[in-house]
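J.: Sharing a structure here in structure tokens format.
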Amino acid sequence: MTTAADHASRQDVRRIFSKVPEVTIYFWIIKILATTIGETAADFLNDTLHFGLTWTTVAMTGVLAVALYLQFRERRYVPGYYWFAVVAISVVGTLITDNLTDRFGVSLKLSTALFALALAVTFGVWQRKEGTLSIHSIFTARREAYYWLAILFTFALGTAAGDLIAEQFKIGYWRSALIFGAGIALITLAWRYLRLNAILAFWAAYILTRPLGASIGDYLSQSRHAGGLALGTTGTSAIFLAAILAVVVYLTRTRKDQIVIEAGDR
């Protein structure tokens, strides 16, 4: 005879833990902080520490490989590993764009278009193979691979688009931040009141947080002559890393952003 305890045990087995966090206010806070780090940390290593673009790219690609290894080997979402990977991929995404622009002379208009196409292809293949782009479905290695590839392209695209608008179009850093922030606000309102598809709204906002964070980072770190507040890449990176660490520690203790998926929801 099946007891209540046996039934509860079987129900526990049917619970699947997502590899990514729930989308809460904490998610967006850390995401914007991480995108800012992606901009300032790349400049810190490249310019302040004089690593140069090549060695900065090599070093951060190695860091990203370690971060993704730690993330993929876990069977559930672990805040420290997940956000370590996001920060690392943010820096690498920035460096991909910087290499195309500074080393190979690719225009920001072209790189923006190329990364937009790469992201669209990634979404298309992901949707075709898995049937959904929902982050609530990230519990297999293949889906997680699509997820991180899409994130890499969102960071590279956001870097190119942010630099294109702020620098090449001469909008300026703080004005660019306002533009991207307004775009995110409009997406949020459309999702909340006009029934914009939740998955589309999430990824659209996710893409825009990258140039938003980059514009904030540049505004804080760049010289006053360049239109910034001249806080420098060292100070800006340290402040934002400390803020990320504080929120990640809080989430690790409270588990407020953990997604649990019932087997029937797969």
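In the structure tokens, chains take the letters A, B, ... in the order shown, each chain's residues start at 1, and ligands count up from 1 in the order shown.
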Give me the residues within 12 Å of Leu114 (chain A) as a compact mmCIF listing (two decimals) with N, CA and C atoms, in the first residue's frame, counting only C-alpha atoms and dropping any in the same chain fewer than 3 places off.
T.:
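Below you can see out.txt, which holds the result:
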```
# COMPACT_ATOMS: atom_id res chain seq x y z
N THR A 97 33.39 42.97 -29.03
CA THR A 97 33.10 44.19 -29.78
C THR A 97 34.32 45.08 -29.90
N LEU A 100 36.70 43.75 -32.54
CA LEU A 100 36.22 44.01 -33.90
C LEU A 100 36.43 45.47 -34.30
N VAL A 106 36.16 47.13 -37.78
CA VAL A 106 34.75 46.94 -38.14
C VAL A 106 33.94 48.09 -37.56
N SER A 107 33.12 48.70 -38.35
CA SER A 107 32.33 49.84 -37.87
C SER A 107 31.30 49.38 -36.84
N LEU A 108 30.92 50.29 -35.97
CA LEU A 108 29.93 49.97 -34.95
C LEU A 108 28.57 49.66 -35.57
N LYS A 109 28.25 50.31 -36.68
CA LYS A 109 26.99 50.02 -37.36
C LYS A 109 26.97 48.57 -37.85
N LEU A 110 28.09 48.14 -38.45
CA LEU A 110 28.15 46.78 -38.97
C LEU A 110 28.16 45.76 -37.84
N SER A 111 28.95 46.00 -36.79
CA SER A 111 29.01 45.05 -35.69
C SER A 111 27.67 44.95 -34.97
N LEU A 117 21.97 39.92 -35.86
CA LEU A 117 21.69 38.75 -36.68
C LEU A 117 22.08 37.46 -35.96
N ALA A 118 23.26 37.46 -35.31
CA ALA A 118 23.72 36.28 -34.58
C ALA A 118 22.75 35.93 -33.45
N LEU A 119 22.26 36.96 -32.77
CA LEU A 119 21.31 36.72 -31.68
C LEU A 119 19.99 36.18 -32.22
N ALA A 120 19.53 36.74 -33.34
CA ALA A 120 18.28 36.26 -33.94
C ALA A 120 18.40 34.81 -34.38
N VAL A 121 19.54 34.43 -34.96
CA VAL A 121 19.76 33.04 -35.38
C VAL A 121 19.78 32.13 -34.16
N PHE A 153 25.79 37.02 -26.96
CA PHE A 153 25.47 37.91 -28.07
C PHE A 153 24.72 39.16 -27.60
N THR A 154 23.91 39.05 -26.54
CA THR A 154 23.24 40.26 -26.03
C THR A 154 24.26 41.24 -25.48
N ALA A 156 27.54 41.48 -26.43
CA ALA A 156 28.29 42.04 -27.54
C ALA A 156 27.44 43.04 -28.32
N LEU A 157 26.17 42.70 -28.55
CA LEU A 157 25.26 43.60 -29.25
C LEU A 157 25.05 44.88 -28.46
N GLY A 158 24.84 44.74 -27.15
CA GLY A 158 24.61 45.92 -26.33
C GLY A 158 25.81 46.84 -26.29
N ALA A 160 28.11 47.20 -28.70
CA ALA A 160 28.19 47.87 -30.00
C ALA A 160 27.12 48.95 -30.14
N ALA A 161 25.87 48.61 -29.78
CA ALA A 161 24.78 49.57 -29.91
C ALA A 161 24.96 50.75 -28.96
```
J.: For region 86-143 of chain A versus region 200-214 of chain A, which residues have an atom no more than 12 Å away, and what is each residue's nearest atom pair and distance in Å rounded to one decimal, using only C-alpha atoms, chain-then-number order, as JSON lines?
T.:
```
{"residue": "A:Val86", "atom": "CA", "partner": "A:Arg210", "partner_atom": "CA", "distance": 11.5}
{"residue": "A:Val87", "atom": "CA", "partner": "A:Arg210", "partner_atom": "CA", "distance": 11.6}
{"residue": "A:Ile89", "atom": "CA", "partner": "A:Arg210", "partner_atom": "CA", "distance": 11.6}
{"residue": "A:Ser90", "atom": "CA", "partner": "A:Arg210", "partner_atom": "CA", "distance": 8.4}
{"residue": "A:Val91", "atom": "CA", "partner": "A:Ala214", "partner_atom": "CA", "distance": 10.7}
{"residue": "A:Gly93", "atom": "CA", "partner": "A:Arg210", "partner_atom": "CA", "distance": 9.9}
{"residue": "A:Thr94", "atom": "CA", "partner": "A:Ala214", "partner_atom": "CA", "distance": 9.1}
{"residue": "A:Thr112", "atom": "CA", "partner": "A:Pro211", "partner_atom": "CA", "distance": 11.6}
{"residue": "A:Phe115", "atom": "CA", "partner": "A:Ile207", "partner_atom": "CA", "distance": 11.3}
{"residue": "A:Ala116", "atom": "CA", "partner": "A:Ile207", "partner_atom": "CA", "distance": 10.0}
{"residue": "A:Leu119", "atom": "CA", "partner": "A:Ile207", "partner_atom": "CA", "distance": 10.0}
{"residue": "A:Ala120", "atom": "CA", "partner": "A:Trp203", "partner_atom": "CA", "distance": 11.2}
{"residue": "A:Phe123", "atom": "CA", "partner": "A:Trp203", "partner_atom": "CA", "distance": 10.0}
{"residue": "A:Thr132", "atom": "CA", "partner": "A:Leu200", "partner_atom": "CA", "distance": 11.1}
{"residue": "A:Leu133", "atom": "CA", "partner": "A:Leu200", "partner_atom": "CA", "distance": 8.8}
{"residue": "A:Ser134", "atom": "CA", "partner": "A:Phe202", "partner_atom": "CA", "distance": 9.0}
{"residue": "A:Ile135", "atom": "CA", "partner": "A:Phe202", "partner_atom": "CA", "distance": 9.2}
{"residue": "A:His136", "atom": "CA", "partner": "A:Phe202", "partner_atom": "CA", "distance": 11.7}
```
J.: With 7 Å as the cut-off and only C-alpha atoms counted, what is the closest atom pair between each nearby residue of region 88-201 of chain A and region 215-235 of chain A? Distances in Å to one decimal, ordered by chain and number, as CSV.
T.:
```
residue,atom,partner,partner_atom,distance
A:Gly162,CA,A:Ser215,CA,6.7
A:Gly172,CA,A:Gly227,CA,6.7
A:Tyr173,CA,A:Ser215,CA,5.0
A:Trp174,CA,A:Tyr219,CA,6.2
A:Ser176,CA,A:Ser215,CA,6.3
A:Ala177,CA,A:Ser215,CA,5.3
```
J.: Quote the spacing between CA of Gly80 (chain A) and CA of Val66 (chain A) in Å to one decimal place.
T.: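 A separation of 13.0 Å between them.
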J.: Which polymer residues have any atom within 8 Å of an atom of region 245-252 of chain A, counting only C-alpha atoms, with same-chain residues fewer than 5 positions away left out, as a list of chain:residue names?
T.: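 Once the adjacent positions are removed, what remains is A:Tyr26, A:Ile30, A:Val78, A:Pro79, A:Gly80, A:Trp83, A:Asp257.
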